[in-house]
Structures are given as C-alpha cells and as structure tokens.
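Student: Mind having a look at this structure? Questions to follow.
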Amino acid sequence: MLYRYKPTGALLEKVSVHGDGIVMCTDAQDEVHYVDESDLIPQLQETTEKIKTEERLTAQLASEGVKPATPTKKEIFPVDTRVNINTASARQLADALPGVGLKTAREIKDLQSSMLGEKFIKLDQLKSIKRIDWDELIKDNLIRVE
C-alpha cells in the first residue's frame with residue numbers, strides 16, 4: 001500500500017512498524033524514512049497503479065523468457081505529476097498553481113533561497129507567504145517538496 005506523507009507530500013510505501021506509531025517507509029528512490037503513522041494518508045489509486053505496473057513488467061519479462069524478477073521501486077512507483085516546489089522555476093510555479101502569479105512565484109523562490117540548504121523541508125514552510133491558500137493547494141494534492 002502506498003501512502004502520501006502529509007508534511008512533504010512524498011509518496012511512501014510502508015516497510016515495518018517500529019514502536020508507538022513510528023513506521024519505516026521507503027520512497028521511489030529506495031530511501032528510508034521513519035515517520036509518524038498519523039502523518040500517512042492511504043493512496044488507493046496510486047497503489048492500484050503500482051500493482052498493475054508491477055504485473056505488466058513481470059509479464060513482459062516472462063514473455064521474453066526471462067525469469068521474472070521483482071521490478072525496482074523506481075520502475076513501479078507511479079509518476080508524480082505534482083509540482084515540486086524545490087525544483088520548479090518561478091515561471092513553472094506561476095503556470096502550474098492556481099492563484100499564483102509570477103510575482104508571488106518569485107517570492108516563493110526567494111524564500112526558498114533563504115532556507116537552510118536552499119530548499120523547503122515541509123509544505124508548512126510555504127505558509128509564511130500569505131497571499132496563497134496553501135491549505136487548498138495541499139488538499140488538492142498539487143504540490144510537494146523533496
């Protein structure tokens with residue numbers, strides 16, 4: 001089962017449970033994350049897409065006479081179409097996000113460059129820019145930070 005991680009919007013897969021509500025998860029790059037289980041939102045559509053892709057790749061290997069192997073997570077995680085605030089340009093932000101003009105997009109990028117490591121860690125960090133309804137953009141699953 002795939003889950004959306006609330007603080008960053010990342011798509012994660014549970015591996016195991018550790019302690020009181022702490023879950024070990026992996027992402028599409030096979031990076032391990034330890035997160036609070038209450039911050040995970042089940043994603044049925046993405047899970048179904050992942051399963052279908054894995055089945056298709058396994059059948060393709062079998063038809064080629066190759067002993068089916070488990071495809072890597074990079075091959076089977078669904079393509080993430082949300083805007084990554086850290087990698088998008090100001091123009092891309094303005095074009096992709098409703099209610100965000102070029103001036104506001106530049107303000108977002110200026111704020112990003114002032115952050116540690118010049119990137120956002122959590123979606124909540126964006127809320128210091130008041131002109132945008134960030135809760136709506138997060139709820140509509142339009143943005144992520146990675």
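The way I read the labels, and the way they are meant: chains A, B, ... in the order of the structure tokens, residue 1 as the first residue of every chain, and ligand 1 as the first ligand shown, with later ones counted on from there.
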Run DSSP on the backbone and grab whatever in region 49-140 of chain A lands in helix (DSSP H, G or I); send it over as a PyMOL selection string.

Tutor: chain A and resi 49-63+73-76+90-96+102-114+116-118+123-128+134-139

Student: Go ahead and write the residues just picked, N, CA and C atoms, as a compact mmCIF listing (two decimals), in the first residue's frame.

Tutor:
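What ended up in again.txt:
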# COMPACT_ATOMS: atom_id res chain seq x y z
N GLU A 49 -2.29 1.50 -9.32
CA GLU A 49 -1.42 1.77 -10.46
C GLU A 49 -0.07 1.06 -10.29
N LYS A 50 0.47 1.07 -9.09
CA LYS A 50 1.74 0.40 -8.80
C LYS A 50 1.62 -1.10 -9.04
N ILE A 51 0.54 -1.71 -8.56
CA ILE A 51 0.33 -3.15 -8.71
C ILE A 51 0.21 -3.51 -10.19
N LYS A 52 -0.57 -2.74 -10.95
CA LYS A 52 -0.75 -3.02 -12.38
C LYS A 52 0.58 -2.90 -13.14
N THR A 53 1.37 -1.89 -12.80
CA THR A 53 2.66 -1.72 -13.45
C THR A 53 3.59 -2.88 -13.14
N GLU A 54 3.61 -3.31 -11.88
CA GLU A 54 4.45 -4.45 -11.49
C GLU A 54 4.02 -5.71 -12.22
N GLU A 55 2.72 -5.95 -12.31
CA GLU A 55 2.22 -7.13 -13.03
C GLU A 55 2.58 -7.06 -14.51
N ARG A 56 2.46 -5.88 -15.13
CA ARG A 56 2.80 -5.71 -16.54
C ARG A 56 4.28 -5.98 -16.79
N LEU A 57 5.14 -5.43 -15.95
CA LEU A 57 6.58 -5.63 -16.12
C LEU A 57 6.98 -7.09 -15.91
N THR A 58 6.36 -7.75 -14.93
CA THR A 58 6.65 -9.16 -14.67
C THR A 58 6.21 -10.02 -15.84
N ALA A 59 5.02 -9.74 -16.39
CA ALA A 59 4.52 -10.49 -17.55
C ALA A 59 5.41 -10.26 -18.77
N GLN A 60 5.88 -9.04 -18.94
CA GLN A 60 6.77 -8.72 -20.06
C GLN A 60 8.07 -9.52 -19.96
N LEU A 61 8.64 -9.59 -18.77
CA LEU A 61 9.86 -10.38 -18.57
C LEU A 61 9.61 -11.86 -18.87
N ALA A 62 8.50 -12.37 -18.37
CA ALA A 62 8.17 -13.78 -18.57
C ALA A 62 7.99 -14.08 -20.06
N SER A 63 7.36 -13.18 -20.81
CA SER A 63 7.15 -13.40 -22.24
C SER A 63 8.46 -13.37 -23.01
N LYS A 73 11.63 -0.18 -7.27
CA LYS A 73 10.61 0.80 -6.90
C LYS A 73 10.55 1.93 -7.92
N LYS A 74 11.70 2.31 -8.49
CA LYS A 74 11.71 3.39 -9.48
C LYS A 74 10.86 3.03 -10.69
N GLU A 75 10.80 1.74 -11.02
CA GLU A 75 10.02 1.31 -12.18
C GLU A 75 8.54 1.25 -11.88
N ILE A 76 8.17 0.95 -10.63
CA ILE A 76 6.76 0.70 -10.34
C ILE A 76 6.05 1.81 -9.57
N ALA A 90 10.34 29.78 -11.08
CA ALA A 90 9.25 30.71 -10.75
C ALA A 90 8.19 30.67 -11.85
N ARG A 91 8.59 30.61 -13.09
CA ARG A 91 7.65 30.56 -14.22
C ARG A 91 6.81 29.28 -14.14
N GLN A 92 7.44 28.14 -13.84
CA GLN A 92 6.70 26.88 -13.74
C GLN A 92 5.68 26.93 -12.60
N LEU A 93 6.06 27.54 -11.48
CA LEU A 93 5.13 27.68 -10.36
C LEU A 93 3.94 28.54 -10.76
N ALA A 94 4.20 29.66 -11.41
CA ALA A 94 3.13 30.57 -11.82
C ALA A 94 2.19 29.89 -12.82
N ASP A 95 2.74 29.11 -13.72
CA ASP A 95 1.93 28.43 -14.73
C ASP A 95 1.12 27.27 -14.16
N ALA A 96 1.66 26.58 -13.16
CA ALA A 96 1.04 25.35 -12.68
C ALA A 96 0.08 25.52 -11.50
N LEU A 102 3.43 35.43 -11.27
CA LEU A 102 4.89 35.44 -11.36
C LEU A 102 5.53 36.17 -10.18
N LYS A 103 4.92 37.26 -9.72
CA LYS A 103 5.47 37.99 -8.58
C LYS A 103 5.48 37.10 -7.33
N THR A 104 4.39 36.40 -7.08
CA THR A 104 4.31 35.51 -5.91
C THR A 104 5.26 34.33 -6.08
N ALA A 105 5.36 33.81 -7.29
CA ALA A 105 6.27 32.69 -7.55
C ALA A 105 7.71 33.10 -7.28
N ARG A 106 8.07 34.32 -7.65
CA ARG A 106 9.43 34.82 -7.36
C ARG A 106 9.64 34.95 -5.86
N GLU A 107 8.60 35.36 -5.15
CA GLU A 107 8.68 35.46 -3.69
C GLU A 107 8.90 34.06 -3.07
N ILE A 108 8.24 33.06 -3.63
CA ILE A 108 8.42 31.67 -3.16
C ILE A 108 9.88 31.25 -3.36
N LYS A 109 10.42 31.54 -4.54
CA LYS A 109 11.80 31.15 -4.83
C LYS A 109 12.80 31.94 -3.97
N ASP A 110 12.50 33.21 -3.68
CA ASP A 110 13.35 34.00 -2.78
C ASP A 110 13.35 33.40 -1.38
N LEU A 111 12.16 33.01 -0.90
CA LEU A 111 12.05 32.38 0.41
C LEU A 111 12.83 31.07 0.42
N GLN A 112 12.73 30.31 -0.66
CA GLN A 112 13.45 29.04 -0.75
C GLN A 112 14.96 29.26 -0.65
N SER A 113 15.46 30.26 -1.33
CA SER A 113 16.92 30.50 -1.30
C SER A 113 17.40 30.95 0.06
N SER A 114 16.49 31.43 0.93
CA SER A 114 16.88 31.83 2.27
C SER A 114 16.84 30.65 3.25
N LEU A 116 17.66 26.84 4.87
CA LEU A 116 18.84 26.00 5.06
C LEU A 116 18.92 25.01 3.91
N GLY A 117 20.04 24.97 3.23
CA GLY A 117 20.19 24.07 2.09
C GLY A 117 19.46 24.54 0.86
N GLU A 118 18.92 25.74 0.92
CA GLU A 118 18.16 26.36 -0.16
C GLU A 118 17.04 25.46 -0.68
N LEU A 123 5.93 21.23 3.68
CA LEU A 123 4.97 22.09 2.99
C LEU A 123 4.53 23.26 3.85
N ASP A 124 4.49 23.06 5.17
CA ASP A 124 4.06 24.13 6.08
C ASP A 124 4.96 25.37 6.02
N GLN A 125 6.20 25.21 5.58
CA GLN A 125 7.11 26.35 5.49
C GLN A 125 6.63 27.37 4.46
N LEU A 126 5.81 26.93 3.52
CA LEU A 126 5.30 27.83 2.48
C LEU A 126 4.24 28.79 3.02
N LYS A 127 3.66 28.45 4.15
CA LYS A 127 2.54 29.23 4.68
C LYS A 127 2.93 30.63 5.14
N SER A 128 4.23 30.94 5.16
CA SER A 128 4.63 32.30 5.52
C SER A 128 4.31 33.29 4.40
N TRP A 134 -2.57 27.97 0.81
CA TRP A 134 -1.72 26.77 0.79
C TRP A 134 -2.49 25.53 1.21
N ASP A 135 -3.41 25.69 2.17
CA ASP A 135 -4.19 24.53 2.62
C ASP A 135 -4.98 23.93 1.46
N GLU A 136 -5.50 24.78 0.59
CA GLU A 136 -6.26 24.30 -0.56
C GLU A 136 -5.34 23.59 -1.56
N LEU A 137 -4.16 24.16 -1.83
CA LEU A 137 -3.22 23.53 -2.76
C LEU A 137 -2.74 22.18 -2.23
N ILE A 138 -2.53 22.11 -0.91
CA ILE A 138 -2.11 20.84 -0.30
C ILE A 138 -3.25 19.85 -0.35
N LYS A 139 -4.45 20.30 -0.02
CA LYS A 139 -5.63 19.42 -0.04
C LYS A 139 -5.89 18.89 -1.46

Student: Between A:Phe77, A:Asn86, A:Gly9, A:Leu2, single out the one closest to Asp140 (chain A), counting only C-alpha atoms.

Tutor: A:Gly9

Student: Using DSSP secondary structure from the backbone, list all strand (DSSP E or B) positions within chain A, as an MDAnalysis selection string.

Tutor: chainID A and resid 2:5 11:18 22:26 32:36 40:42 83:84 143:144
